[in-house]
Structure formats: structure tokens, C-alpha cells
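Enquirer: Below you'll find the structure I mean.
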Amino acid sequence: MVLKPLRRDLVAVGDTIPEGEFGYVPYTPELEDPAACGLPGKVKTSEWAGKKVVVVGVPGAFTPTCHANHIPPFVQAYDQFKSKGVDAVYVIASNDLFVMSAWGRAMKSGDKVTAISDATLAWLDAAGLSQDLSKMGFGTRAKRFALIIDDLKVTYAGIEEGGGVGPSGAEAVLAKL
């Protein structure tokens, strides 16, 4: 099988982010019931104009590092992000929007960290933030990263090169705000 080449131009500080649209399930109190699915919605990058947002990318929902080490500190530090002028925190993966919603609920993120889906990898590829994890049985997935985006411009790009969480972690991102 031949995989389509991924974009090699990694988004960098100073770049305007690519336009994109993501699926998500907006948080409502009814979603506290694990049997609830919620109603799908869309988030567009154009909605981030004039705002400061943090976008955290992970290879997959419910995967060990993402679930245990990467995203929970963003949920726990949400008030610190808000106090530093962040309008919204998003976690993005190529899982579908219902899996992302379930994962957000499992992490008890409520309306703090919004779990968004780029199931087709359109935005992640355009930003150079996808990777081929076929050797692990995952196919193409998001890289592990964190971006600070201010009025659609990247002001920080913490992209992991190996395993674990370093420059894409909540503490590293907070230090750059």
C-alpha cells in the first residue's frame, strides 16, 4: 500500500494557521449521562480571529500518554490559561467527534477543554502536523503538539519529536503565555 505523502512544511511561529473546520459535540450537562451522544456542531478556525487559543494535538483519544499525561494537566490548569488571556483550549485528534466527546467526558473536561475532531486530517495535514503511525497499527494520526494561536497567527509551537510530553505540555505552554 502506498500512502499519500504528508505535508512537510510544519507550521511555525509567525505563520497564519490554515483554514479549517472541525466536528465536535458541544458540552451540555446532559452529557454527564454516558448514554447521551449530544448533537454535533462545527468549530471553524475563522472563529479564532481576534482571539487567543491553545490547540493541543494528540495521536489519539484514550491512548495511554494522551489520556494519562498530556491532556489532564490542561484541564486542571484551565483557570491559569484563562488568567493569561486564553479564550479557549482545544484538543484535536483524528478520532471521530463522538469519540472525542466521550474522551472529553471521561477526562471530566466539562466546558473547559473542547475536544475537536479532524477525522479527515485535512487541517492537520495542511499544518504539517500529521504523522504516519502505520507501524503501530494506527495509520495516519496527529503529531503530539501544542500551539498558541493569537488572532490566527502561531506565537508558540511545541512539537514533540519523541515519546512523552515536553514542549507540548501544559506547563511548557503556560510558560510561553
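Ordering of the C-alpha cells sets the chain letters (A, B, ...), residue numbers begin anew at 1 in every chain, and ligands are numbered from 1 in the order given.
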Give me, as number ranges by chain, all polymer residues having an atom no more than 6 Å from A:Ala170, counting only C-alpha atoms and skipping those fewer than 2 positions away in the same chain.

Expert: A: 73-74, 172-173

Enquirer: Please produce an output containing N, CA and C atoms for each residue in the selection, written as an mmCIF file, in the first residue's frame.

Expert:
data_model
loop_
_atom_site.group_PDB
_atom_site.id
_atom_site.type_symbol
_atom_site.label_atom_id
_atom_site.label_comp_id
_atom_site.auth_asym_id
_atom_site.auth_seq_id
_atom_site.Cartn_x
_atom_site.Cartn_y
_atom_site.Cartn_z
ATOM 1 N N PRO A 73 -3.450 17.707 32.573
ATOM 2 C CA PRO A 73 -2.922 18.973 33.103
ATOM 3 C C PRO A 73 -3.526 20.223 32.450
ATOM 4 N N PHE A 74 -3.946 20.131 31.200
ATOM 5 C CA PHE A 74 -4.618 21.266 30.565
ATOM 6 C C PHE A 74 -5.977 21.508 31.219
ATOM 7 N N ALA A 172 4.715 23.822 29.887
ATOM 8 C CA ALA A 172 5.518 24.493 28.853
ATOM 9 C C ALA A 172 4.711 25.572 28.148
ATOM 10 N N VAL A 173 3.450 25.281 27.861
ATOM 11 C CA VAL A 173 2.598 26.251 27.172
ATOM 12 C C VAL A 173 2.321 27.448 28.082
#

Enquirer: Between atom CA of A:Asp125 and atom CA of A:Ser109, what is the distance in Å, rounded to a tenth?

Expert: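 Taking atom CA of A:Asp125 as the start and atom CA of A:Ser109 as the end point, the length is 26.4 Å.
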
Enquirer: Which residues, written as a PyMOL selection string, have at least one atom at most 12 Å from A:Asp33, with only C-alpha atoms counted and residues fewer than 4 positions away on the same chain left out?

Expert: chain A and resi 27-29+37-38+102+105-106

Enquirer: Write out as a VMD selection string each polymer residue whose atoms come within 10 Å of A:Met100, counting only C-alpha atoms; drop sequence neighbours fewer than 6 positions from it.

Expert: chain A and resid 23 to 25 60 to 62 91 to 94 106 114 to 117

Enquirer: Write down as a PyMOL selection string the residues of stretch 12-41 of chain A whose backbone DSSP state falls under helix (DSSP H, G or I).

Expert: chain A and resi 29-32

Enquirer: I'd like the neighbourhood of A:Gln80 as a PyMOL selection string, where a residue qualifies if any of its atoms comes within 12 Å (using only C-alpha atoms), though same-chain residues fewer than 2 positions away should be ignored.

Expert: chain A and resi 73-78+82-89+112+170-171+173-175+177

Enquirer: Looking at only C-alpha atoms, which of A:Ala142, A:Leu147, A:Ala127, A:Ile159 is the one that sits closest to A:Val11?

Expert: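 Nearest candidate to A:Val11 out of A:Ala142, A:Leu147, A:Ala127, A:Ile159: A:Ala127.
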
Enquirer: Can you list, as a PyMOL selection string, all residues belonging to stretch 10-63 of chain A that DSSP tags as strand (DSSP E)?

Expert: chain A and resi 21-24+41-44+52-57

Enquirer: Between atom CA of A:Thr45 and atom CA of A:Gly164, measure the distance and give it in Å to one decimal.

Expert: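 For atom CA of A:Thr45 relative to atom CA of A:Gly164, the distance reads 27.6 Å.
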
Enquirer: I need the residue nearest A:Ala126 from this list: A:Val99, A:Leu152, A:Leu10, A:Leu31. Use only C-alpha atoms for the distance.

Expert: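 Of A:Val99, A:Leu152, A:Leu10, A:Leu31, the one nearest A:Ala126 is A:Leu10, counting only C-alpha atoms.
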
Enquirer: Can you measure atom CA of A:Phe22 to atom CA of A:Lys143 for me? One decimal in Å is fine.

Expert: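 Atom CA of A:Phe22 sits 16.7 Å away from atom CA of A:Lys143.
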
Enquirer: May I have the residues within 8 Å of A:Ala49 as a PDB file with N, CA, C and O atoms, in the first residue's frame, using only C-alpha atoms and disregarding those fewer than 2 positions away in the same chain?

Expert:
ATOM      1  N   THR A  45     -11.830  27.633  12.174  1.00  0.00           N
ATOM      2  CA  THR A  45     -10.682  28.444  12.579  1.00  0.00           C
ATOM      3  C   THR A  45     -10.979  29.932  12.416  1.00  0.00           C
ATOM      4  O   THR A  45     -10.437  30.742  13.172  1.00  0.00           O
ATOM      5  N   SER A  46     -11.832  30.295  11.499  1.00  0.00           N
ATOM      6  CA  SER A  46     -12.173  31.714  11.311  1.00  0.00           C
ATOM      7  C   SER A  46     -12.782  32.314  12.583  1.00  0.00           C
ATOM      8  O   SER A  46     -12.679  33.524  12.811  1.00  0.00           O
ATOM      9  N   GLU A  47     -13.364  31.470  13.437  1.00  0.00           N
ATOM     10  CA  GLU A  47     -13.939  31.929  14.702  1.00  0.00           C
ATOM     11  C   GLU A  47     -12.860  32.342  15.700  1.00  0.00           C
ATOM     12  O   GLU A  47     -13.156  32.961  16.724  1.00  0.00           O
ATOM     13  N   LYS A  51      -8.856  36.295  18.705  1.00  0.00           N
ATOM     14  CA  LYS A  51      -8.816  35.546  19.966  1.00  0.00           C
ATOM     15  C   LYS A  51      -7.463  34.875  20.142  1.00  0.00           C
ATOM     16  O   LYS A  51      -6.723  34.664  19.187  1.00  0.00           O
ATOM     17  N   ASP A 150      -2.687  33.376  18.244  1.00  0.00           N
ATOM     18  CA  ASP A 150      -3.213  34.684  18.608  1.00  0.00           C
ATOM     19  C   ASP A 150      -3.653  35.383  17.331  1.00  0.00           C
ATOM     20  O   ASP A 150      -2.824  35.678  16.470  1.00  0.00           O
ATOM     21  N   ASP A 151      -4.947  35.601  17.195  1.00  0.00           N
ATOM     22  CA  ASP A 151      -5.531  36.225  16.010  1.00  0.00           C
ATOM     23  C   ASP A 151      -5.078  35.494  14.736  1.00  0.00           C
ATOM     24  O   ASP A 151      -4.640  36.110  13.760  1.00  0.00           O
ATOM     25  N   LEU A 152      -5.171  34.177  14.778  1.00  0.00           N
ATOM     26  CA  LEU A 152      -4.878  33.266  13.660  1.00  0.00           C
ATOM     27  C   LEU A 152      -3.385  33.122  13.338  1.00  0.00           C
ATOM     28  O   LEU A 152      -3.035  32.439  12.381  1.00  0.00           O
TER      29      LEU A 152
END
